[in-house]
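J.: Supplied structure: entry_23.cif, mmCIF, C-alpha atoms.
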data_coords
loop_
_atom_site.label_atom_id
_atom_site.label_comp_id
_atom_site.auth_asym_id
_atom_site.auth_seq_id
_atom_site.Cartn_x
_atom_site.Cartn_y
_atom_site.Cartn_z
CA VAL V 1 -19.65 38.42 -7.42
CA VAL V 2 -18.29 38.75 -10.96
CA THR V 3 -16.56 41.97 -12.02
CA VAL V 4 -16.88 43.41 -15.52
CA MET V 5 -15.17 46.48 -17.01
CA THR V 6 -16.98 48.20 -19.86
CA SER V 7 -17.51 51.49 -21.68
CA SER V 8 -19.88 54.08 -20.22
CA ILE V 9 -21.98 53.97 -23.40
CA PHE V 10 -23.67 50.81 -22.06
CA ILE V 11 -24.09 51.55 -18.40
CA ASN V 12 -27.49 53.28 -18.53
CA LYS V 13 -28.98 51.27 -21.36
CA GLU V 14 -32.04 49.31 -20.30
CA TRP V 15 -31.09 46.20 -22.29
CA PHE V 16 -27.71 46.06 -20.53
CA LEU V 17 -29.20 46.56 -17.07
CA SER V 18 -32.02 44.09 -17.70
CA MET V 19 -29.57 41.48 -19.01
CA ASN V 20 -27.41 41.68 -15.91
CA ARG V 21 -30.45 41.58 -13.61
CA SER V 22 -31.59 38.37 -15.31
CA PHE V 23 -28.15 36.81 -14.90
CA GLU V 24 -28.16 37.71 -11.20
CA GLU V 25 -31.64 36.26 -10.71
CA GLU V 26 -30.77 33.00 -12.48
CA THR V 27 -27.38 32.41 -10.86
CA GLY V 28 -27.44 34.24 -7.53
CA LEU V 29 -24.20 35.98 -8.51
CA ARG V 30 -23.89 39.76 -8.35
CA VAL V 31 -22.52 41.62 -11.39
CA GLN V 32 -20.21 44.46 -10.41
CA ILE V 33 -19.58 46.91 -13.24
CA GLU V 34 -16.46 49.08 -13.43
CA VAL V 35 -17.17 51.89 -15.86
CA ILE V 36 -14.67 53.34 -18.33
CA PRO V 37 -16.01 56.83 -19.22
CA SER V 38 -15.18 56.71 -22.91
CA SER V 39 -16.09 55.38 -26.35
CA LEU V 40 -15.57 51.72 -27.28
CA SER V 41 -12.25 52.35 -29.03
CA GLU V 42 -10.93 54.40 -26.13
CA ALA V 43 -12.22 51.85 -23.63
CA PHE V 44 -10.33 49.09 -25.45
CA ASN V 45 -7.02 50.88 -24.90
CA LYS V 46 -7.80 51.88 -21.32
CA ILE V 47 -8.79 48.33 -20.37
CA ASN V 48 -5.52 47.09 -21.88
CA ILE V 49 -3.61 49.45 -19.61
CA GLU V 50 -5.59 48.24 -16.59
CA ILE V 51 -4.74 44.61 -17.38
CA LEU V 52 -1.08 45.40 -18.03
CA THR V 53 -0.85 47.05 -14.62
CA GLY V 54 -2.27 43.98 -12.88
CA SER V 55 -6.03 44.58 -12.67
CA ASP V 56 -7.93 41.60 -11.25
CA ILE V 57 -11.12 42.40 -13.16
CA ASP V 58 -12.84 39.12 -14.09
CA VAL V 59 -14.34 39.56 -17.56
CA ILE V 60 -12.75 41.08 -20.66
CA GLN V 61 -14.89 41.84 -23.70
CA GLN V 62 -13.63 42.30 -27.28
CA PHE V 63 -15.64 44.09 -29.95
CA GLU V 64 -13.48 43.04 -32.90
CA THR V 65 -11.73 39.83 -33.87
CA ASN V 66 -8.37 41.58 -34.06
CA GLN V 67 -8.81 42.93 -30.52
CA GLU V 68 -9.21 39.37 -29.27
CA GLN V 69 -6.10 38.25 -31.16
CA LEU V 70 -4.03 41.19 -29.87
CA ARG V 71 -4.91 40.48 -26.26
CA TYR V 72 -4.35 36.75 -26.70
CA GLU V 73 -0.86 37.39 -28.06
CA ALA V 74 -0.19 39.71 -25.13
CA GLY V 75 -1.06 36.88 -22.73
CA PHE V 76 -4.06 38.62 -21.17
CA PHE V 77 -6.37 35.59 -21.10
CA MET V 78 -6.96 32.54 -18.98
CA SER V 79 -7.67 29.30 -20.85
CA LEU V 80 -11.31 28.22 -20.63
CA ASP V 81 -10.60 24.51 -21.10
CA HIS V 82 -10.61 23.73 -17.37
CA PHE V 83 -14.09 25.23 -16.95
CA LEU V 84 -15.40 23.65 -20.14
CA ASP V 85 -14.42 20.25 -18.69
CA MET V 86 -15.72 21.11 -15.22
CA TYR V 87 -19.19 21.95 -16.51
CA ASP V 88 -19.17 19.45 -19.40
CA TYR V 89 -19.81 22.45 -21.66
CA ASP V 90 -19.76 21.54 -25.36
CA ALA V 91 -18.67 24.89 -26.82
CA GLU V 92 -18.07 23.48 -30.30
CA LYS V 93 -21.62 22.13 -30.48
CA LYS V 94 -23.05 25.49 -29.42
CA PHE V 95 -20.87 27.85 -31.46
CA GLY V 96 -19.39 25.80 -34.30
CA GLU V 97 -17.40 27.89 -36.76
CA PHE V 98 -17.71 30.97 -34.55
CA LEU V 99 -15.58 29.39 -31.81
CA ALA V 100 -11.92 30.50 -31.88
CA VAL V 101 -9.48 27.67 -31.07
CA LYS V 102 -5.89 28.87 -30.79
CA ASP V 103 -2.74 27.23 -32.11
CA ASP V 104 -2.16 25.49 -28.79
CA GLY V 105 -5.53 23.75 -29.16
CA GLU V 106 -7.11 25.66 -26.26
CA ILE V 107 -10.07 28.04 -26.10
CA TYR V 108 -9.63 31.50 -24.61
CA SER V 109 -12.90 33.20 -25.50
CA LEU V 110 -16.57 32.54 -26.22
CA PRO V 111 -18.40 34.34 -29.05
CA ILE V 112 -21.18 36.56 -27.73
CA LYS V 113 -22.71 37.73 -31.00
CA GLN V 114 -22.07 38.15 -34.71
CA GLU V 115 -22.22 41.58 -36.26
CA ILE V 116 -23.12 41.65 -39.95
CA TRP V 117 -22.83 44.84 -42.00
CA VAL V 118 -25.95 45.85 -43.93
CA VAL V 119 -27.66 48.99 -45.20
CA PHE V 120 -30.41 50.53 -43.08
CA TYR V 121 -32.66 53.02 -44.84
CA ASN V 122 -35.36 55.57 -44.11
CA LYS V 123 -38.51 54.46 -45.92
CA LYS V 124 -40.08 57.93 -45.59
CA ILE V 125 -37.23 59.55 -47.53
CA PHE V 126 -37.46 56.91 -50.25
CA ASP V 127 -41.23 57.38 -50.51
CA GLU V 128 -41.01 61.18 -50.72
CA ALA V 129 -38.31 60.95 -53.40
CA ASP V 130 -40.36 58.31 -55.26
CA VAL V 131 -37.36 55.96 -55.26
CA PRO V 132 -37.92 52.17 -54.98
CA TYR V 133 -36.58 50.54 -51.84
CA PRO V 134 -33.18 48.91 -52.44
CA GLU V 135 -33.02 45.18 -53.07
CA ALA V 136 -30.13 42.77 -52.95
CA PRO V 137 -28.13 41.68 -54.79
CA TRP V 138 -26.85 45.15 -55.62
CA THR V 139 -23.46 46.80 -56.14
CA TRP V 140 -21.70 49.82 -54.70
CA ASP V 141 -22.39 51.56 -58.02
CA ASP V 142 -26.09 50.91 -57.42
CA TYR V 143 -25.74 52.30 -53.90
CA LEU V 144 -24.19 55.50 -55.24
CA GLU V 145 -26.86 55.99 -57.88
CA THR V 146 -29.58 55.47 -55.26
CA ALA V 147 -27.89 57.94 -52.91
CA LYS V 148 -27.78 60.56 -55.68
CA LYS V 149 -31.56 60.22 -56.21
CA LEU V 150 -32.22 60.67 -52.49
CA THR V 151 -29.86 63.58 -51.82
CA ASN V 152 -31.71 66.89 -51.62
CA PRO V 153 -29.64 69.88 -50.38
CA GLU V 154 -32.74 72.12 -50.26
CA LYS V 155 -34.25 69.82 -47.63
CA SER V 156 -30.84 69.05 -46.01
CA ILE V 157 -31.24 65.38 -46.94
CA TRP V 158 -28.19 63.20 -47.48
CA GLY V 159 -28.63 60.05 -49.51
CA SER V 160 -25.84 58.23 -47.67
CA TYR V 161 -24.18 58.25 -44.27
CA MET V 162 -20.98 56.46 -43.29
CA ILE V 163 -19.17 57.26 -40.07
CA ARG V 164 -15.43 57.26 -39.38
CA ASP V 165 -14.85 53.56 -38.84
CA ASN V 166 -11.78 51.61 -39.86
CA ILE V 167 -13.88 49.02 -41.72
CA LEU V 168 -14.74 51.77 -44.21
CA TRP V 169 -11.16 52.36 -45.31
CA ASP V 170 -10.76 48.90 -46.88
CA PHE V 171 -14.26 47.39 -47.12
CA ILE V 172 -14.12 46.75 -50.86
CA ALA V 173 -10.85 44.86 -50.52
CA ARG V 174 -12.33 42.85 -47.63
CA GLN V 175 -15.42 41.91 -49.65
CA LYS V 176 -13.24 40.86 -52.57
CA GLY V 177 -11.26 38.63 -50.25
CA VAL V 178 -7.99 40.41 -51.03
CA PRO V 179 -5.46 39.36 -48.37
CA ALA V 180 -3.97 42.08 -46.19
CA TYR V 181 -0.62 40.28 -46.26
CA THR V 182 1.58 38.95 -49.04
CA LYS V 183 2.71 35.32 -49.13
CA GLU V 184 5.93 36.48 -47.48
CA GLY V 185 3.97 38.01 -44.59
CA PHE V 186 4.33 41.69 -45.46
CA SER V 187 1.69 44.30 -46.24
CA ASN V 188 -0.34 43.71 -49.38
CA PHE V 189 -1.81 47.21 -49.32
CA GLU V 190 -0.55 48.03 -52.80
CA ASP V 191 -3.26 45.79 -54.24
CA PRO V 192 -5.61 48.09 -56.24
CA ALA V 193 -8.65 47.02 -54.19
CA PHE V 194 -7.39 48.98 -51.18
CA ALA V 195 -7.00 52.18 -53.21
CA GLU V 196 -10.48 51.52 -54.62
CA SER V 197 -11.89 51.49 -51.07
CA PHE V 198 -10.16 54.77 -50.15
CA GLN V 199 -11.32 56.47 -53.34
CA TYR V 200 -14.94 55.28 -53.08
CA TYR V 201 -15.33 56.67 -49.56
CA TYR V 202 -13.65 59.93 -50.62
CA ASN V 203 -15.92 60.33 -53.63
CA LEU V 204 -19.13 59.88 -51.63
CA GLY V 205 -18.41 63.02 -49.63
CA TYR V 206 -16.15 65.22 -51.72
CA VAL V 207 -16.99 64.37 -55.35
CA ASP V 208 -20.53 63.03 -55.52
CA LYS V 209 -21.56 64.92 -52.35
CA VAL V 210 -24.18 62.37 -51.31
CA GLN V 211 -23.03 62.23 -47.69
CA PRO V 212 -21.25 64.46 -45.15
CA ASP V 213 -17.53 64.52 -45.93
CA LEU V 214 -14.92 64.05 -43.23
CA ASN V 215 -14.69 67.77 -42.50
CA VAL V 216 -18.45 68.06 -42.02
CA LEU V 217 -18.46 64.98 -39.78
CA SER V 218 -15.80 66.59 -37.60
CA VAL V 219 -17.13 70.17 -37.53
CA LYS V 220 -20.72 69.14 -36.81
CA ASN V 221 -19.62 66.29 -34.53
CA LEU V 222 -21.91 63.81 -36.29
CA ASN V 223 -21.74 60.54 -34.39
CA TRP V 224 -22.43 56.88 -35.00
CA ASP V 225 -26.07 57.23 -33.86
CA TYR V 226 -26.89 60.14 -36.18
CA PHE V 227 -29.05 58.10 -38.57
CA ALA V 228 -31.28 56.90 -35.70
CA SER V 229 -31.56 60.35 -34.11
CA THR V 230 -32.47 62.40 -37.19
CA ASP V 231 -34.76 62.17 -40.21
CA ASN V 232 -32.51 63.47 -42.99
CA ILE V 233 -30.41 60.42 -43.89
CA GLY V 234 -31.53 58.11 -46.68
CA MET V 235 -29.19 55.13 -46.22
CA HIS V 236 -26.71 54.09 -43.55
CA PHE V 237 -24.08 51.36 -43.97
CA MET V 238 -23.67 49.85 -40.52
CA GLY V 239 -23.56 46.61 -38.54
CA ASN V 240 -26.59 44.85 -37.13
CA TRP V 241 -25.90 46.15 -33.61
CA TYR V 242 -27.63 49.29 -34.91
CA LEU V 243 -30.91 47.44 -34.46
CA ARG V 244 -30.41 48.14 -30.77
CA LEU V 245 -30.97 51.84 -31.49
CA LEU V 246 -33.73 51.43 -34.02
CA THR V 247 -35.74 49.27 -31.61
CA ASP V 248 -35.24 51.70 -28.71
CA LEU V 249 -38.11 54.11 -29.29
CA ASN V 250 -37.62 55.78 -25.92
CA ASP V 251 -34.07 57.02 -26.50
CA TYR V 252 -34.49 57.23 -30.29
CA PRO V 253 -38.10 58.23 -31.04
CA ARG V 254 -38.91 58.58 -34.74
CA ASP V 255 -41.92 59.21 -36.96
CA TRP V 256 -40.56 57.16 -39.86
CA ASP V 257 -40.17 53.47 -40.62
CA PHE V 258 -36.82 51.96 -41.44
CA GLY V 259 -35.88 49.14 -43.78
CA VAL V 260 -32.81 46.93 -44.01
CA VAL V 261 -31.14 45.28 -46.98
CA ALA V 262 -28.05 43.15 -47.45
CA SER V 263 -24.78 44.95 -48.12
CA PRO V 264 -23.93 46.12 -51.62
CA VAL V 265 -20.98 44.32 -53.21
CA PRO V 266 -18.10 45.48 -55.44
CA ASP V 267 -19.26 43.07 -58.16
CA TYR V 268 -21.40 39.94 -58.31
CA GLU V 269 -18.36 37.69 -58.14
CA SER V 270 -17.43 39.30 -54.79
CA ASN V 271 -20.80 38.55 -53.26
CA ASN V 272 -19.80 38.77 -49.60
CA SER V 273 -21.15 40.36 -46.45
CA LEU V 274 -18.75 41.59 -43.80
CA VAL V 275 -18.96 40.12 -40.32
CA GLU V 276 -17.32 40.66 -36.94
CA ILE V 277 -17.48 38.44 -33.85
CA VAL V 278 -17.81 40.00 -30.40
CA SER V 279 -16.29 37.78 -27.72
CA CYS V 280 -15.67 37.55 -23.99
CA SER V 281 -12.67 36.16 -22.14
CA ILE V 282 -11.44 35.71 -18.58
CA ASN V 283 -8.61 37.89 -17.31
CA LYS V 284 -5.54 35.80 -16.42
CA ASN V 285 -5.51 37.70 -13.09
CA ALA V 286 -9.26 37.29 -12.47
CA GLN V 287 -10.25 37.31 -8.82
CA HIS V 288 -13.34 35.15 -9.50
CA PRO V 289 -12.49 33.02 -12.56
CA GLU V 290 -15.23 30.41 -12.13
CA ASN V 291 -17.87 33.10 -11.73
CA ALA V 292 -16.42 34.78 -14.81
CA PHE V 293 -16.90 31.59 -16.82
CA LEU V 294 -20.51 31.31 -15.66
CA TYR V 295 -21.06 34.92 -16.76
CA ILE V 296 -19.48 34.74 -20.22
CA SER V 297 -21.09 31.40 -21.07
CA TRP V 298 -24.46 32.85 -20.02
CA LEU V 299 -23.86 35.93 -22.19
CA ALA V 300 -22.89 33.77 -25.15
CA GLU V 301 -26.22 31.98 -24.90
CA ASN V 302 -28.48 34.85 -23.88
CA GLN V 303 -27.22 38.37 -24.63
CA TYR V 304 -28.92 38.50 -28.02
CA LYS V 305 -32.34 38.25 -26.35
CA TYR V 306 -31.80 41.60 -24.63
CA GLU V 307 -29.78 43.52 -27.20
CA ASN V 308 -31.82 42.65 -30.31
CA VAL V 309 -28.79 41.26 -32.13
CA PHE V 310 -27.82 37.91 -33.60
CA PRO V 311 -26.08 35.26 -31.50
CA ALA V 312 -22.98 33.43 -32.70
CA ARG V 313 -24.68 30.09 -32.10
CA VAL V 314 -25.25 27.17 -34.44
CA ASP V 315 -27.49 25.13 -32.16
CA LEU V 316 -30.70 27.16 -32.35
CA SER V 317 -33.83 25.62 -33.79
CA SER V 318 -35.69 27.28 -36.66
CA GLU V 319 -38.39 28.27 -34.14
CA GLU V 320 -35.82 30.00 -31.93
CA GLU V 321 -34.37 31.84 -34.92
CA GLU V 322 -37.85 33.00 -35.90
CA GLU V 323 -38.37 34.29 -32.34
CA ILE V 324 -35.27 36.46 -32.70
CA PHE V 325 -36.65 38.08 -35.84
CA GLN V 326 -40.13 38.48 -34.40
CA SER V 327 -38.83 40.18 -31.27
CA ILE V 328 -36.92 42.71 -33.38
CA VAL V 329 -39.98 43.35 -35.56
CA GLU V 330 -42.20 44.05 -32.55
CA LYS V 331 -39.68 46.34 -30.86
CA SER V 332 -39.15 48.23 -34.12
CA GLY V 333 -42.78 49.31 -34.13
CA ASN V 334 -43.37 46.92 -37.03
CA SER V 335 -41.14 48.97 -39.32
CA ILE V 336 -39.92 45.77 -40.92
CA THR V 337 -40.92 42.15 -41.34
CA THR V 338 -39.25 38.91 -40.35
CA GLU V 339 -38.79 38.18 -44.06
CA GLU V 340 -36.88 41.44 -44.56
CA LEU V 341 -34.57 40.65 -41.67
CA ASN V 342 -33.98 37.12 -42.87
CA ARG V 343 -33.09 38.25 -46.40
CA ALA V 344 -30.89 41.10 -45.20
CA PHE V 345 -28.77 39.07 -42.81
CA PHE V 346 -28.89 35.39 -43.64
CA ASN V 347 -30.85 33.81 -46.48
CA ASN V 348 -29.55 36.00 -49.29
CA GLY V 349 -27.04 33.72 -51.03
CA MET V 350 -24.10 35.79 -49.84
CA GLY V 351 -20.85 34.58 -48.36
CA PHE V 352 -19.05 36.13 -45.41
CA LYS V 353 -15.68 37.80 -45.02
CA THR V 354 -14.12 39.06 -41.80
CA ALA V 355 -14.70 42.79 -41.55
CA LYS V 356 -11.40 43.68 -39.90
CA ILE V 357 -7.80 42.76 -40.64
CA GLU V 358 -6.47 39.88 -38.56
CA GLY V 359 -3.08 38.18 -38.49
CA ILE V 360 0.29 39.13 -37.05
CA LEU V 361 -0.53 42.83 -36.81
CA GLY V 362 -4.31 43.12 -37.08
CA HIS V 363 -5.08 45.94 -34.64
CA GLU V 364 -1.98 48.01 -35.34
CA TYR V 365 -2.35 47.49 -39.10
CA SER V 366 -5.90 48.88 -38.91
CA SER V 367 -4.68 51.87 -36.91
CA ILE V 368 -2.03 52.62 -39.55
CA ILE V 369 -4.65 52.43 -42.31
CA GLU V 370 -6.99 54.75 -40.44
CA ARG V 371 -4.28 57.35 -39.84
CA GLU V 372 -3.32 57.48 -43.52
CA ALA V 373 -6.94 57.32 -44.72
CA ILE V 374 -7.83 60.36 -42.63
CA ALA V 375 -4.82 62.23 -44.00
CA PHE V 376 -6.02 61.43 -47.54
CA LEU V 377 -9.62 62.37 -46.75
CA SER V 378 -8.36 65.64 -45.24
CA ASP V 379 -6.49 66.40 -48.48
CA THR V 380 -3.11 66.49 -46.73
CA GLN V 381 -1.76 63.70 -48.94
CA THR V 382 -2.62 62.13 -52.27
CA LEU V 383 -4.12 58.68 -52.71
CA GLU V 384 -0.79 57.34 -53.95
CA GLU V 385 1.01 58.82 -50.95
CA ALA V 386 -1.54 57.34 -48.55
CA ILE V 387 -1.27 53.83 -50.02
CA SER V 388 2.54 54.00 -50.05
CA SER V 389 2.63 55.24 -46.47
CA VAL V 390 0.39 52.41 -45.25
CA LYS V 391 2.61 49.88 -47.00
CA LYS V 392 5.82 51.37 -45.59
CA ASN V 393 4.60 51.74 -42.00
CA ALA V 394 2.84 48.36 -41.92
CA ASP V 395 5.97 46.60 -43.25
CA ARG V 396 8.08 48.31 -40.61
CA ALA V 397 5.70 47.21 -37.85
CA ILE V 398 5.55 43.66 -39.24
CA LEU V 399 9.36 43.43 -39.31
CA GLN V 400 9.49 44.59 -35.70
CA LYS V 401 6.87 42.02 -34.72
CA MET V 402 8.77 39.26 -36.51
CA SER V 403 11.96 40.29 -34.74
CA GLU V 404 10.24 40.15 -31.35
CA GLN V 405 8.90 36.68 -32.10
CA LEU V 406 12.35 35.42 -33.12
CA LYS V 407 13.84 36.68 -29.85
CA GLN V 408 11.22 34.74 -27.93
#
In structure tokens, how does this file's structure come out?

T.:
Amino acid sequence: VVTVMTSSIFINKEWFLSMNRSFEEETGLRVQIEVIPSSLSEAFNKINIEILTGSDIDVIQQFETNQEQLRYEAGFFMSLDHFLDMYDYDAEKKFGEFLAVKDDGEIYSLPIKQEIWVVFYNKKIFDEADVPYPEAPWTWDDYLETAKKLTNPEKSIWGSYMIRDNILWDFIARQKGVPAYTKEGFSNFEDPAFAESFQYYYNLGYVDKVQPDLNVLSVKNLNWDYFASTDNIGMHFMGNWYLRLLTDLNDYPRDWDFGVVASPVPDYESNNSLVEIVSCSINKNAQHPENAFLYISWLAENQYKYENVFPARVDLSSEEEEEIFQSIVEKSGNSITTEELNRAFFNNGMGFKTAKIEGILGHEYSSIIEREAIAFLSDTQTLEEAISSVKKNADRAILQKMSEQLKQ
């Protein structure tokens, strides 16, 4: 047996069930799922509590790079090096730059998939508005102008849709490669690029009115799957895991075709996509650590085949990469082509920047930003007050972290 704790959002999904059945058939090991009845962000915190109180669950999954770093620093993980040697498993050859090697030279996680942020769009809405489909390279100014052309209050059509997600509070700064920390290790949030990110998101909803503002999102309880479950959104900025919804025509039936295009950029000198790495690790208290290694290494090599996402592997042949695209095309109802997918995600001349803040305080830093961003978007503080508050609270948390490290 191998035990896995995960959010309830996955437990009844066919891809998730089919994936685990295949693992069981290939290995003879039984996958035992412990369900956390909550969203991914809530599940992250609840799983942390379980581990802190001594849970012997085998497999721990992280959905953001800073989650993996936070848990590593907390000492949650078992080193994988013993199992890599035991099975002569060349992780570097398989995962290359996606493999995280810690300061002690050991490996504590394997990358399961890469999540690249792009723009999905409803081709039917574009056609009815007689607006050309978006093409990259394009800027956030281009995105706004396109959204304005698509927005039609009489038909309840929004040109844009962005959920409450902490990537959206600083995405412009991330694309520009602006560091979250100063050279001295403190918060760099006073850099103008962070205020630019806050203001752009605010303007989309409250000034330009091309998407639901934060109040509308809350009152109408519009969720992350809203674009896939309705027909009144023109464009949706989201990660490639959304393909899982758009290729699931049973749970998300639609009478419209979707398209996908590479992310807009702040300017052509900041020509970067945003990417996150989902990873799996073994709990330091795991009851079945060897089985856990067999499970996470299998996921790292195979999960993409079931979820319609992109693996974090560098060892695939061009034929295998083409199979990934073709599978997505077929399951999408031929909404898109393999060429569209390739241009949107990979062969577009764009660089990559990490979507979320990492470093000494990654997860907590992001939480501070989100709290102050929501206060700004709710008009309970000004932009200047929000930026200053992030800086002050992040610096305080960084000082506390530094103090704890010195005591150790």

J.: Enumerate, as a ChimeraX atom specification, the residues matched when the PyMOL selection byres ((chain V and resi 68-79) around 7) is run on the file above.

T.: /V:62,64-67,80-81,106-108,281-284,363

J.: Generate a file of the selected residues that holds C-alpha atoms, formatted as a PDB file, in the coordinates of the input.

T.:
ATOM      1  CA  GLN V  62     -13.630  42.300 -27.280  1.00  0.00           C
ATOM      2  CA  GLU V  64     -13.480  43.040 -32.900  1.00  0.00           C
ATOM      3  CA  THR V  65     -11.730  39.830 -33.870  1.00  0.00           C
ATOM      4  CA  ASN V  66      -8.370  41.580 -34.060  1.00  0.00           C
ATOM      5  CA  GLN V  67      -8.810  42.930 -30.520  1.00  0.00           C
ATOM      6  CA  LEU V  80     -11.310  28.220 -20.630  1.00  0.00           C
ATOM      7  CA  ASP V  81     -10.600  24.510 -21.100  1.00  0.00           C
ATOM      8  CA  GLU V 106      -7.110  25.660 -26.260  1.00  0.00           C
ATOM      9  CA  ILE V 107     -10.070  28.040 -26.100  1.00  0.00           C
ATOM     10  CA  TYR V 108      -9.630  31.500 -24.610  1.00  0.00           C
ATOM     11  CA  SER V 281     -12.670  36.160 -22.140  1.00  0.00           C
ATOM     12  CA  ILE V 282     -11.440  35.710 -18.580  1.00  0.00           C
ATOM     13  CA  ASN V 283      -8.610  37.890 -17.310  1.00  0.00           C
ATOM     14  CA  LYS V 284      -5.540  35.800 -16.420  1.00  0.00           C
ATOM     15  CA  HIS V 363      -5.080  45.940 -34.640  1.00  0.00           C
TER      16      HIS V 363
END

J.: Got a sec: who's within 12 Å of region 290-292 of chain V, counting only C-alpha atoms, leaving out chain neighbours fewer than 3 positions off, as a VMD selection string?

T.: chain V and resid 1 to 5 23 to 24 27 to 32 56 to 61 77 to 84 86 to 87 109 to 110 280 to 287 295 to 299

J.: So, counting all atoms listed in the file, which residue among V:Asp90, V:Asp248, V:Ile163, V:Glu97 is closest to Val216 (chain V)?

T.: V:Ile163

J.: Enumerate, as a list in words, the residues matched when the PyMOL selection byres ((chain V and resi 354) around 7) is run on the file above.

T.: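 Output of the PyMOL selection byres ((chain V and resi 354) around 7): Leu274, Val275, Glu276, Phe352, Lys353, Ala355 and Lys356 of chain V.
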
J.: Can you list, as a list in words, every protein, DNA or RNA residue that comes within 10 Å of region 319-322 of chain V when you count only C-alpha atoms, leaving out same-chain residues fewer than 2 positions away?

T.: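 Using only C-alpha atoms, the neighbours found are Phe310, Pro311, Asp315, Leu316, Ser317, Ile324, Phe325, Gln326, Ser327, Thr338, Glu339 and Asn342 of chain V.
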
J.: Between V:Lys176, V:Lys13, V:Lys392, V:Arg343, single out the one closest to Leu245 (chain V), counting only C-alpha atoms.

T.: V:Lys13

J.: Kindly indicate which residue among V:Ile36, V:Leu399, V:Val329, V:Leu217 lies nearest to Glu50 (chain V), using all atoms listed in the file for the distances.

T.: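 Closest to Glu50 (chain V), using all atoms listed in the file: V:Ile36.
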
J.: Once the PyMOL selection byres ((chain V and resi 305) around 10) is applied to the coordinates I shared, what remains selected? I want it as a ChimeraX atom specification.

T.: /V:15,19,299,301-304,306-311,323-324,327-328
